[in-house]
file protein-v6.cif (mmCIF, C-alpha atoms and all ligand atoms)
data_query
loop_
_atom_site.label_atom_id
_atom_site.label_comp_id
_atom_site.auth_asym_id
_atom_site.auth_seq_id
_atom_site.Cartn_x
_atom_site.Cartn_y
_atom_site.Cartn_z
CA MET X 25 26.48 11.53 76.50
CA LYS X 26 27.74 13.06 79.71
CA SER X 27 25.14 15.15 81.49
CA VAL X 28 26.12 18.53 82.88
CA LEU X 29 22.92 19.14 84.80
CA ASP X 30 20.83 16.31 86.19
CA ILE X 31 17.92 17.38 88.37
CA LYS X 32 15.98 14.68 90.15
CA ASN X 33 12.67 15.08 91.98
CA LEU X 34 13.30 18.73 92.82
CA LYS X 35 10.75 20.25 95.19
CA VAL X 36 10.80 23.88 96.23
CA GLY X 37 8.22 25.53 98.43
CA PHE X 38 7.68 28.72 100.39
CA HIS X 39 5.54 29.65 103.36
CA SER X 40 3.52 32.69 102.38
CA ASP X 41 0.39 34.57 103.42
CA GLU X 42 -1.69 32.28 101.23
CA GLY X 43 -0.24 29.22 102.96
CA PHE X 44 2.47 26.92 101.71
CA VAL X 45 3.26 27.45 98.04
CA GLN X 46 4.74 24.41 96.31
CA ALA X 47 6.42 26.33 93.46
CA VAL X 48 8.27 23.33 92.03
CA ASP X 49 6.86 19.87 92.65
CA GLY X 50 8.92 16.86 91.63
CA LEU X 51 10.88 18.18 88.68
CA ASP X 52 13.28 16.04 86.65
CA LEU X 53 15.54 17.58 84.01
CA GLN X 54 18.78 16.81 82.28
CA ILE X 55 21.10 18.80 80.07
CA GLY X 56 23.86 17.05 78.16
CA GLU X 57 27.28 18.51 77.43
CA GLY X 58 27.06 21.41 74.99
CA LYS X 59 23.29 21.14 74.69
CA THR X 60 20.59 23.75 75.11
CA LEU X 61 17.46 22.88 77.05
CA GLY X 62 14.52 25.24 76.76
CA LEU X 63 12.24 25.53 79.78
CA VAL X 64 8.89 27.00 78.82
CA GLY X 65 5.59 27.67 80.55
CA GLU X 66 3.20 30.40 81.62
CA SER X 67 3.96 33.02 84.24
CA GLY X 68 4.19 31.60 87.74
CA CYS X 69 4.72 27.95 86.76
CA GLY X 70 8.09 27.77 88.53
CA LYS X 71 10.70 28.45 85.85
CA SER X 72 12.67 31.08 87.76
CA VAL X 73 12.43 29.16 91.01
CA THR X 74 13.97 26.19 89.17
CA SER X 75 16.86 28.26 87.85
CA LEU X 76 17.45 29.99 91.18
CA SER X 77 17.56 26.55 92.80
CA VAL X 78 20.40 25.53 90.50
CA MET X 79 22.27 28.72 91.39
CA ARG X 80 21.26 28.17 95.03
CA LEU X 81 20.10 31.77 95.15
CA LEU X 82 16.73 31.15 96.78
CA PRO X 83 15.78 33.00 99.97
CA GLU X 84 16.67 31.26 103.25
CA LYS X 85 13.04 30.45 103.97
CA ALA X 86 12.68 28.30 100.84
CA ARG X 87 12.18 24.59 101.50
CA ILE X 88 14.11 22.62 98.96
CA SER X 89 14.62 18.89 98.44
CA GLY X 90 15.64 16.42 95.75
CA GLU X 91 18.90 16.36 93.85
CA ILE X 92 20.62 18.89 91.61
CA GLY X 93 23.43 16.95 89.99
CA PHE X 94 26.04 19.18 88.40
CA LEU X 95 28.96 17.37 86.75
CA GLY X 96 28.28 14.43 89.03
CA GLU X 97 28.05 16.36 92.30
CA ASP X 98 24.87 17.27 94.15
CA LEU X 99 24.64 21.05 94.50
CA LEU X 100 22.11 20.68 97.32
CA GLN X 101 24.85 19.11 99.45
CA LYS X 102 27.32 21.99 98.99
CA ASP X 103 28.05 24.65 101.58
CA GLN X 104 28.09 28.39 100.84
CA LYS X 105 31.83 28.48 100.31
CA GLU X 106 31.79 25.73 97.70
CA LEU X 107 28.79 27.33 96.04
CA GLU X 108 30.56 30.65 95.72
CA ARG X 109 33.33 28.90 93.88
CA ILE X 110 30.87 27.28 91.48
CA ARG X 111 28.67 30.31 90.84
CA GLY X 112 29.99 32.59 88.16
CA ASP X 113 32.85 30.19 87.54
CA LYS X 114 31.26 26.93 86.47
CA ILE X 115 27.65 28.08 86.35
CA SER X 116 26.67 31.59 85.34
CA MET X 117 23.44 33.35 84.71
CA ILE X 118 21.93 36.02 82.46
CA PHE X 119 18.80 37.78 83.70
CA GLN X 120 15.96 39.52 81.92
CA ASP X 121 16.83 43.09 82.74
CA PRO X 122 20.49 44.02 82.34
CA MET X 123 19.93 47.52 83.78
CA THR X 124 19.18 46.12 87.24
CA SER X 125 22.19 43.80 87.16
CA LEU X 126 24.75 46.32 85.92
CA ASN X 127 26.21 48.89 88.26
CA PRO X 128 25.29 52.39 86.95
CA VAL X 129 28.35 54.13 88.43
CA LEU X 130 31.01 51.82 87.00
CA THR X 131 32.15 51.72 83.39
CA ILE X 132 31.51 48.64 81.31
CA GLY X 133 35.22 47.88 81.33
CA GLU X 134 35.46 48.06 85.12
CA GLN X 135 32.52 45.66 85.49
CA ILE X 136 33.79 43.02 83.09
CA GLU X 137 37.33 43.34 84.50
CA GLU X 138 36.00 42.84 88.02
CA VAL X 139 34.50 39.48 87.04
CA ILE X 140 37.73 38.32 85.41
CA ARG X 141 39.86 39.52 88.33
CA TYR X 142 37.66 37.76 90.87
CA HIS X 143 37.51 34.41 89.12
CA GLN X 144 40.70 34.15 87.09
CA GLY X 145 43.05 36.91 88.13
CA GLY X 146 45.99 38.06 85.98
CA THR X 147 47.99 41.21 85.42
CA LYS X 148 46.26 44.49 84.63
CA GLN X 149 47.17 44.15 80.98
CA GLU X 150 46.02 40.52 80.74
CA ILE X 151 42.66 41.42 82.30
CA ARG X 152 42.24 44.36 79.93
CA ASP X 153 43.07 42.21 76.91
CA ARG X 154 40.64 39.50 77.99
CA THR X 155 37.93 42.16 78.47
CA LEU X 156 38.38 43.45 74.93
CA GLU X 157 38.45 39.91 73.63
CA LEU X 158 35.13 39.16 75.35
CA MET X 159 33.56 42.35 74.02
CA ASP X 160 34.55 41.29 70.51
CA LEU X 161 33.21 37.80 71.12
CA VAL X 162 29.77 39.19 71.96
CA LYS X 163 30.09 41.55 68.96
CA ILE X 164 30.09 44.90 70.67
CA PRO X 165 31.27 47.30 68.00
CA ASP X 166 34.04 49.77 68.82
CA SER X 167 35.09 48.00 72.02
CA GLU X 168 38.10 50.29 72.71
CA ARG X 169 35.71 53.22 73.12
CA ARG X 170 32.80 51.31 74.70
CA ILE X 171 35.00 49.94 77.47
CA ARG X 172 35.13 53.44 79.01
CA GLU X 173 31.37 54.05 78.80
CA TYR X 174 28.63 53.63 81.41
CA PRO X 175 25.55 51.36 81.16
CA HIS X 176 23.10 54.24 80.59
CA GLN X 177 25.02 55.26 77.46
CA MET X 178 24.06 52.01 75.74
CA SER X 179 21.01 50.45 74.17
CA GLY X 180 19.23 47.51 75.81
CA GLY X 181 20.71 45.14 73.24
CA ILE X 182 24.31 46.23 73.93
CA ARG X 183 23.71 46.03 77.68
CA GLN X 184 22.46 42.47 77.30
CA ARG X 185 25.60 41.66 75.25
CA ILE X 186 27.67 42.97 78.15
CA MET X 187 25.81 40.73 80.59
CA ILE X 188 26.53 37.81 78.28
CA ALA X 189 30.22 38.77 78.13
CA MET X 190 30.33 38.75 81.94
CA ALA X 191 28.49 35.44 82.08
CA ILE X 192 30.90 33.69 79.71
CA ALA X 193 34.03 35.40 81.07
CA CYS X 194 35.05 32.28 82.98
CA ASP X 195 34.08 29.80 80.34
CA PRO X 196 31.28 28.23 82.40
CA GLU X 197 30.11 24.65 81.96
CA LEU X 198 26.50 25.76 82.34
CA LEU X 199 24.88 29.02 81.34
CA ILE X 200 21.40 29.82 82.63
CA ALA X 201 19.46 32.47 80.72
CA ASP X 202 16.17 33.49 82.37
CA GLU X 203 14.04 35.41 79.85
CA PRO X 204 17.17 37.02 78.39
CA THR X 205 15.34 38.75 75.54
CA THR X 206 11.94 39.56 77.00
CA ALA X 207 12.78 43.22 77.58
CA LEU X 208 14.11 43.71 74.03
CA ASP X 209 12.31 44.50 70.79
CA VAL X 210 11.89 41.71 68.26
CA THR X 211 14.85 42.46 65.97
CA VAL X 212 17.30 42.84 68.84
CA GLN X 213 15.80 39.75 70.45
CA ALA X 214 16.61 37.70 67.34
CA GLN X 215 20.21 39.01 67.33
CA ILE X 216 20.74 38.14 70.98
CA LEU X 217 19.30 34.65 70.50
CA ALA X 218 21.57 34.11 67.50
CA LEU X 219 24.53 35.26 69.59
CA ILE X 220 23.72 32.87 72.45
CA ARG X 221 23.38 30.02 69.95
CA GLU X 222 26.69 30.92 68.29
CA LEU X 223 28.58 31.21 71.59
CA GLN X 224 27.08 27.99 72.84
CA GLU X 225 28.40 26.18 69.77
CA LYS X 226 31.79 27.87 69.91
CA LEU X 227 32.38 27.33 73.64
CA ASN X 228 30.43 24.06 73.90
CA THR X 229 28.59 25.36 76.97
CA ALA X 230 25.42 23.66 78.18
CA VAL X 231 22.57 26.19 78.30
CA LEU X 232 19.34 26.32 80.26
CA MET X 233 17.16 28.79 78.35
CA ILE X 234 14.03 29.95 80.14
CA SER X 235 11.16 31.71 78.44
CA HIS X 236 7.37 31.93 78.51
CA ASP X 237 7.62 32.18 74.72
CA LEU X 238 7.84 28.89 72.86
CA GLY X 239 8.78 30.84 69.72
CA VAL X 240 11.96 32.07 71.45
CA ILE X 241 12.77 28.61 72.79
CA SER X 242 12.38 27.02 69.36
CA GLN X 243 15.11 29.27 67.95
CA VAL X 244 17.82 28.05 70.30
CA ALA X 245 16.94 24.84 72.12
CA ASP X 246 17.91 21.26 71.25
CA ASP X 247 15.40 19.92 73.76
CA VAL X 248 12.38 21.47 75.39
CA ALA X 249 10.74 20.89 78.76
CA VAL X 250 7.24 22.29 79.10
CA MET X 251 6.30 23.25 82.64
CA TYR X 252 2.84 23.58 84.08
CA ALA X 253 2.02 24.44 87.68
CA GLY X 254 5.37 23.38 89.13
CA GLN X 255 5.80 20.22 87.08
CA VAL X 256 7.22 19.16 83.73
CA VAL X 257 4.33 17.96 81.56
CA GLU X 258 6.28 17.23 78.37
CA TRP X 259 9.97 16.84 77.65
CA THR X 260 11.44 15.96 74.27
CA THR X 261 13.55 17.24 71.38
CA THR X 262 12.56 20.58 69.89
CA GLU X 263 11.90 18.92 66.56
CA GLU X 264 9.62 16.29 68.05
CA LEU X 265 7.81 18.87 70.15
CA PHE X 266 6.78 20.84 67.10
CA GLU X 267 6.20 17.89 64.83
CA SER X 268 4.18 15.87 67.29
CA PRO X 269 3.22 17.76 70.45
CA LYS X 270 1.56 15.32 72.80
CA HIS X 271 0.32 17.03 75.93
CA PRO X 272 -2.85 19.09 75.34
CA TYR X 273 -1.11 22.00 77.10
CA THR X 274 1.82 21.85 74.68
CA GLN X 275 -0.61 21.67 71.78
CA GLY X 276 -2.30 24.79 73.13
CA LEU X 277 1.02 26.62 73.53
CA ILE X 278 1.99 25.85 69.94
CA ARG X 279 -1.28 27.27 68.68
CA THR X 280 -0.45 30.55 70.43
CA ILE X 281 2.72 31.12 68.39
CA PRO X 282 2.28 33.55 65.49
CA ARG X 283 3.35 32.03 62.17
CA MET X 284 4.72 33.82 59.13
CA ASP X 285 4.37 30.97 56.67
CA GLU X 286 0.65 30.44 56.62
CA GLN X 287 -2.62 32.29 56.70
CA GLN X 288 -3.77 32.45 60.23
CA GLY X 289 -6.94 33.81 61.73
CA GLU X 290 -6.94 35.24 65.21
CA LEU X 291 -4.24 33.90 67.48
CA GLU X 292 -5.53 31.37 69.92
CA GLU X 293 -5.20 31.66 73.64
CA ILE X 294 -5.39 28.84 76.12
CA PRO X 295 -8.63 29.55 78.00
CA GLY X 296 -8.66 29.69 81.78
CA MET X 297 -6.04 30.57 84.35
CA VAL X 298 -2.94 28.97 85.79
CA PRO X 299 -3.94 27.28 89.05
CA GLU X 300 -2.84 28.58 92.45
CA LEU X 301 0.17 26.67 93.70
CA SER X 302 -0.92 26.87 97.33
CA GLN X 303 -3.64 24.23 96.82
CA GLU X 304 -3.52 20.46 97.31
CA PHE X 305 -3.60 18.99 93.81
CA LYS X 306 -5.24 15.73 92.89
CA GLY X 307 -4.95 14.37 89.39
CA CYS X 308 -3.95 16.41 86.35
CA ARG X 309 -3.23 20.06 87.08
CA PHE X 310 -4.33 21.10 83.59
CA TYR X 311 -7.72 19.40 83.99
CA ASP X 312 -9.86 22.56 84.20
CA ARG X 313 -8.40 23.98 80.99
CA CYS X 314 -7.94 20.81 78.99
CA PRO X 315 -10.10 20.25 75.90
CA LYS X 316 -9.45 16.50 76.11
CA ALA X 317 -10.01 15.98 79.83
CA MET X 318 -11.61 12.72 80.93
CA LYS X 319 -13.10 11.83 84.29
CA ALA X 320 -10.16 9.59 85.13
CA CYS X 321 -7.72 12.52 84.83
CA LYS X 322 -8.93 13.92 88.12
CA LYS X 323 -8.64 10.67 90.04
CA ALA X 324 -4.94 10.08 90.54
CA ASP X 325 -1.65 11.83 90.05
CA ILE X 326 -0.04 11.14 86.71
CA ASN X 327 3.61 10.33 86.22
CA LEU X 328 5.76 11.26 83.24
CA LEU X 329 5.19 8.48 80.70
CA ASP X 330 7.53 7.45 77.90
CA VAL X 331 5.68 8.01 74.63
CA GLU X 332 7.77 7.46 71.50
CA GLN X 333 10.76 9.82 71.99
CA SER X 334 8.91 12.03 74.45
CA LYS X 335 8.08 12.07 78.12
CA VAL X 336 4.49 13.13 78.71
CA ARG X 337 2.42 13.59 81.86
CA CYS X 338 -0.98 12.77 80.39
CA LEU X 339 -3.48 9.96 80.78
CA LEU X 340 -4.29 10.00 77.04
CA TYR X 341 -1.07 8.05 76.59
CA SER X 342 -1.38 5.50 79.35
CA GLU X 343 -2.36 1.90 78.56
N1 LIG A 1 10.59 34.12 97.35
C1 LIG A 1 9.36 33.62 97.17
N2 LIG A 1 8.48 33.53 98.20
C2 LIG A 1 7.24 33.05 98.01
N3 LIG A 1 6.76 32.61 96.84
C3 LIG A 1 7.57 32.66 95.78
C4 LIG A 1 8.91 33.17 95.88
N4 LIG A 1 9.51 33.12 94.65
C5 LIG A 1 8.57 32.58 93.84
N5 LIG A 1 7.42 32.31 94.50
C6 LIG A 1 6.19 31.71 93.93
O1 LIG A 1 6.56 30.55 93.22
C7 LIG A 1 5.78 30.41 92.04
C8 LIG A 1 6.69 30.26 90.83
O2 LIG A 1 7.36 31.48 90.58
P1 LIG A 1 8.45 31.68 89.44
O3 LIG A 1 9.06 33.02 89.66
O4 LIG A 1 9.36 30.52 89.38
O5 LIG A 1 7.55 31.71 88.13
P2 LIG A 1 8.04 31.85 86.61
O6 LIG A 1 7.62 30.61 85.91
O7 LIG A 1 9.46 32.23 86.55
O8 LIG A 1 7.11 33.04 86.11
P3 LIG A 1 7.44 34.30 85.14
O9 LIG A 1 7.23 33.80 83.74
O10 LIG A 1 6.41 35.30 85.54
O11 LIG A 1 8.83 34.74 85.40
C9 LIG A 1 4.87 31.62 91.99
O12 LIG A 1 3.62 31.25 92.52
C10 LIG A 1 5.55 32.61 92.90
O13 LIG A 1 4.62 33.48 93.48
MG MG A 2 10.49 33.93 85.94
#
call {"tool": "encode", "arguments": {"input": "protein-v6.cif", "output": "structure tokens", "more": "lines below"}}
Ligand SMILES: Nc1ncnc2c1ncn2[C@@H]1O[C@H](COP(=O)(O)OP(=O)(O)OP(=O)(O)O)[C@@H](O)[C@H]1O
Ligand SMILES: [Mg+2]
result
Amino acid sequence: MKSVLDIKNLKVGFHSDEGFVQAVDGLDLQIGEGKTLGLVGESGCGKSVTSLSVMRLLPEKARISGEIGFLGEDLLQKDQKELERIRGDKISMIFQDPMTSLNPVLTIGEQIEEVIRYHQGGTKQEIRDRTLELMDLVKIPDSERRIREYPHQMSGGIRQRIMIAMAIACDPELLIADEPTTALDVTVQAQILALIRELQEKLNTAVLMISHDLGVISQVADDVAVMYAGQVVEWTTTEELFESPKHPYTQGLIRTIPRMDEQQGELEEIPGMVPELSQEFKGCRFYDRCPKAMKACKKADINLLDVEQSKVRCLLYSE
């Protein structure tokens, strides 16, 4: 299968008051055509930095190396002009909070039309028709009226649908959704996830879905990459991840998901804290929190190992 996104050994760091922060440290990821990859992990593990690297939207001071292959070309080798052409045209992004991304003084119609005009052009009528078509595609009821309304007149769910309409306006090859439903209540969250899934199938777009919530990821992703402290610790199909989670961190994450189908006592939490990324690591980064830690885990860095269908960064699986 052709890969749309192929990240190799990505490293991203920042100089900060606490010293140098290695936010992403040797990340490998791939997304095949029309597939959804879920990227999951606790707050601060480097999910957003990864997605912003793909969009090349990191601050100037960020130190970035490795390879971000997109349809066979390395995005890290592109200049600003080429990137502008790619962003919003071939790669687009949905953020957590639509209110901060929408312009409060423009109508919904004006904002969607602007995106279409910039990337595709067309006559006034063609742009208007395409706008209404997109609003129908993301299932905004009563689009003829809504097109003249402002963001504050809408619920969070409708605003997120508008962001999705803008993101898919140009039929991107890759859609990045960073916590797209975190700000929404559970029912609306489920509707938005279903919509993303449906559009992804209809348009055959590759999707990078980011969330700290493995429950959310499991509803939409074909494959899942679990991140911990700037690295991928497990990467496999969603089915395999739930059937046979291998890394102790993944096993812990799965135990934190509430389940409807069985009696469950108190929800478990993974004890301990995410480590500071400004430190020099040696050995497994999950060591201090791992119930299965062995002495050897602290001795040397651990590579991603092939274990059955999964890739796992854990000494329990080495020969
Ligand atoms: N512009 C920046 N300058 C300095 N440090 C940064 C910058 N952006 C991110 N970081 C640091 O990089 C690390 C990873 O941050 P990132 O935003 O990717 O986490 P995340 O996994 O998206 O977390 P969350 O679930 O809270 O969104 C954090 O330690 C963060 O403080
Ligand atoms: Mg984030």
call {"tool": "residues_near_ligand", "arguments": {"input": "protein-v6.cif", "ligand": "ligand LIG 1 (chain A)", "cutoff": "10 Å", "atoms": "only C-alpha atoms and all ligand atoms", "output": "short mmCIF file (atom, residue, chain, number, x, y, z; two decimals) with C-alpha atoms, in the frame of the given file"}}
result
data_model
loop_
_atom_site.label_atom_id
_atom_site.label_comp_id
_atom_site.auth_asym_id
_atom_site.auth_seq_id
_atom_site.Cartn_x
_atom_site.Cartn_y
_atom_site.Cartn_z
CA VAL X 36 10.80 23.88 96.23
CA GLY X 37 8.22 25.53 98.43
CA PHE X 38 7.68 28.72 100.39
CA HIS X 39 5.54 29.65 103.36
CA SER X 40 3.52 32.69 102.38
CA ASP X 41 0.39 34.57 103.42
CA GLU X 42 -1.69 32.28 101.23
CA GLY X 43 -0.24 29.22 102.96
CA PHE X 44 2.47 26.92 101.71
CA VAL X 45 3.26 27.45 98.04
CA GLN X 46 4.74 24.41 96.31
CA ALA X 47 6.42 26.33 93.46
CA VAL X 48 8.27 23.33 92.03
CA LEU X 63 12.24 25.53 79.78
CA VAL X 64 8.89 27.00 78.82
CA GLY X 65 5.59 27.67 80.55
CA GLU X 66 3.20 30.40 81.62
CA SER X 67 3.96 33.02 84.24
CA GLY X 68 4.19 31.60 87.74
CA CYS X 69 4.72 27.95 86.76
CA GLY X 70 8.09 27.77 88.53
CA LYS X 71 10.70 28.45 85.85
CA SER X 72 12.67 31.08 87.76
CA VAL X 73 12.43 29.16 91.01
CA THR X 74 13.97 26.19 89.17
CA SER X 75 16.86 28.26 87.85
CA LEU X 76 17.45 29.99 91.18
CA SER X 77 17.56 26.55 92.80
CA LEU X 82 16.73 31.15 96.78
CA PRO X 83 15.78 33.00 99.97
CA GLU X 84 16.67 31.26 103.25
CA LYS X 85 13.04 30.45 103.97
CA ALA X 86 12.68 28.30 100.84
CA GLN X 120 15.96 39.52 81.92
CA ASP X 202 16.17 33.49 82.37
CA GLU X 203 14.04 35.41 79.85
CA ILE X 234 14.03 29.95 80.14
CA SER X 235 11.16 31.71 78.44
CA HIS X 236 7.37 31.93 78.51
CA ASP X 237 7.62 32.18 74.72
CA MET X 251 6.30 23.25 82.64
CA TYR X 252 2.84 23.58 84.08
CA ALA X 253 2.02 24.44 87.68
CA GLY X 254 5.37 23.38 89.13
CA VAL X 298 -2.94 28.97 85.79
CA PRO X 299 -3.94 27.28 89.05
CA GLU X 300 -2.84 28.58 92.45
CA LEU X 301 0.17 26.67 93.70
CA SER X 302 -0.92 26.87 97.33
#
call {"tool": "residues_around", "arguments": {"input": "protein-v6.cif", "residues": "Asn327 in chain X", "least_positions_apart": "4", "cutoff": "9 Å", "atoms": "all atoms listed in the file", "output": "list of chain:residue names"}}
result
X:Val257, X:Val336, X:Arg337, X:Cys338, X:Leu339
call {"tool": "residues_around", "arguments": {"input": "protein-v6.cif", "residues": "Val210 in chain X", "least_positions_apart": "6", "cutoff": "12 Å", "atoms": "only C-alpha atoms", "output": "PyMOL selection string"}}
result
chain X and resi 181+216-217+239-240
call {"tool": "closest_residue", "arguments": {"input": "protein-v6.cif", "among": "X:Lys226, X:Arg172, X:Arg183, X:Lys59", "to": "Phe119 in chain X", "atoms": "all atoms listed in the file"}}
result
X:Arg183
call {"tool": "residues_around", "arguments": {"input": "protein-v6.cif", "residues": "Asp247 in chain X", "least_positions_apart": "6", "cutoff": "7 Å", "atoms": "only C-alpha atoms", "output": "ChimeraX atom specification"}}
result
/X:60-62,260-262
call {"tool": "closest_residue", "arguments": {"input": "protein-v6.cif", "among": "X:Ile294, X:Cys314, X:Ala201, X:Gln213", "to": "ligand MG 2 (chain A)", "atoms": "all atoms listed in the file"}}
result
X:Ala201
call {"tool": "closest_residue", "arguments": {"input": "protein-v6.cif", "among": "X:Lys335, X:Lys114, X:Glu138, X:Ala324", "to": "Val248 in chain X", "atoms": "only C-alpha atoms"}}
result
X:Lys335
call {"tool": "atom_distance", "arguments": {"input": "protein-v6.cif", "atom1": "CA of Gly276 in chain X", "atom2": "CA of Ala230 in chain X"}}
result
28.2 Å
call {"tool": "residues_around", "arguments": {"input": "protein-v6.cif", "residues": "Leu107 in chain X", "least_positions_apart": "6", "cutoff": "12 Å", "atoms": "only C-alpha atoms", "output": "PDB file with C-alpha atoms, keeping the file's coordinate frame"}}
result
ATOM      1  CA  SER X  77      17.560  26.550  92.800  1.00  0.00           C
ATOM      2  CA  VAL X  78      20.400  25.530  90.500  1.00  0.00           C
ATOM      3  CA  MET X  79      22.270  28.720  91.390  1.00  0.00           C
ATOM      4  CA  ARG X  80      21.260  28.170  95.030  1.00  0.00           C
ATOM      5  CA  LEU X  81      20.100  31.770  95.150  1.00  0.00           C
ATOM      6  CA  PHE X  94      26.040  19.180  88.400  1.00  0.00           C
ATOM      7  CA  GLU X  97      28.050  16.360  92.300  1.00  0.00           C
ATOM      8  CA  ASP X  98      24.870  17.270  94.150  1.00  0.00           C
ATOM      9  CA  LEU X  99      24.640  21.050  94.500  1.00  0.00           C
ATOM     10  CA  LEU X 100      22.110  20.680  97.320  1.00  0.00           C
ATOM     11  CA  GLN X 101      24.850  19.110  99.450  1.00  0.00           C
ATOM     12  CA  ASP X 113      32.850  30.190  87.540  1.00  0.00           C
ATOM     13  CA  LYS X 114      31.260  26.930  86.470  1.00  0.00           C
ATOM     14  CA  ILE X 115      27.650  28.080  86.350  1.00  0.00           C
ATOM     15  CA  SER X 116      26.670  31.590  85.340  1.00  0.00           C
TER      16      SER X 116
END
call {"tool": "atom_distance", "arguments": {"input": "protein-v6.cif", "atom1": "CA of Pro175 in chain X", "atom2": "CA of Gln149 in chain X"}}
result
22.8 Å
call {"tool": "residues_around", "arguments": {"input": "protein-v6.cif", "residues": "Lys319 in chain X", "least_positions_apart": "3", "cutoff": "12 Å", "atoms": "all atoms listed in the file", "output": "number ranges by chain"}}
result
X: 307-308, 311-312, 314, 316, 322-324, 339-340
call {"tool": "closest_residue", "arguments": {"input": "protein-v6.cif", "among": "X:Leu277, X:Met233, X:Leu328, X:Leu199", "to": "ligand MG 2 (chain A)", "atoms": "only C-alpha atoms and all ligand atoms"}}
result
X:Met233
call {"tool": "closest_residue", "arguments": {"input": "protein-v6.cif", "among": "X:Ile140, X:Met159, X:Met117, X:Ile241", "to": "Ala214 in chain X", "atoms": "all atoms listed in the file"}}
result
X:Ile241
call {"tool": "axis_aligned_box", "arguments": {"input": "protein-v6.cif", "around": "range 159-176 of chain X", "padding_each_side": "5 Å", "output": "JSON"}}
result
{"center_x": 30.6, "center_y": 46.0, "center_z": 74.7, "size_x": 25.0, "size_y": 26.4, "size_z": 23.4}
call {"tool": "closest_residue", "arguments": {"input": "protein-v6.cif", "among": "X:Asp209, X:Glu304, X:Asp121, X:Glu332", "to": "ligand MG 2 (chain A)", "atoms": "all atoms listed in the file"}}
result
X:Asp121
call {"tool": "residues_near_point", "arguments": {"input": "protein-v6.cif", "point": "(16.5, 20.1, 92.5)", "cutoff": "6 Å", "atoms": "only C-alpha atoms", "output": "PDB file with C-alpha atoms, in the coordinates of the input"}}
result
ATOM      1  CA  ILE X  31      17.920  17.380  88.370  1.00  0.00           C
ATOM      2  CA  LYS X  32      15.980  14.680  90.150  1.00  0.00           C
ATOM      3  CA  LEU X  34      13.300  18.730  92.820  1.00  0.00           C
ATOM      4  CA  GLY X  90      15.640  16.420  95.750  1.00  0.00           C
ATOM      5  CA  GLU X  91      18.900  16.360  93.850  1.00  0.00           C
ATOM      6  CA  ILE X  92      20.620  18.890  91.610  1.00  0.00           C
TER       7      ILE X  92
END
call {"tool": "atom_distance", "arguments": {"input": "protein-v6.cif", "atom1": "CA of Lys35 in chain X", "atom2": "CA of Gly93 in chain X"}}
result
14.1 Å
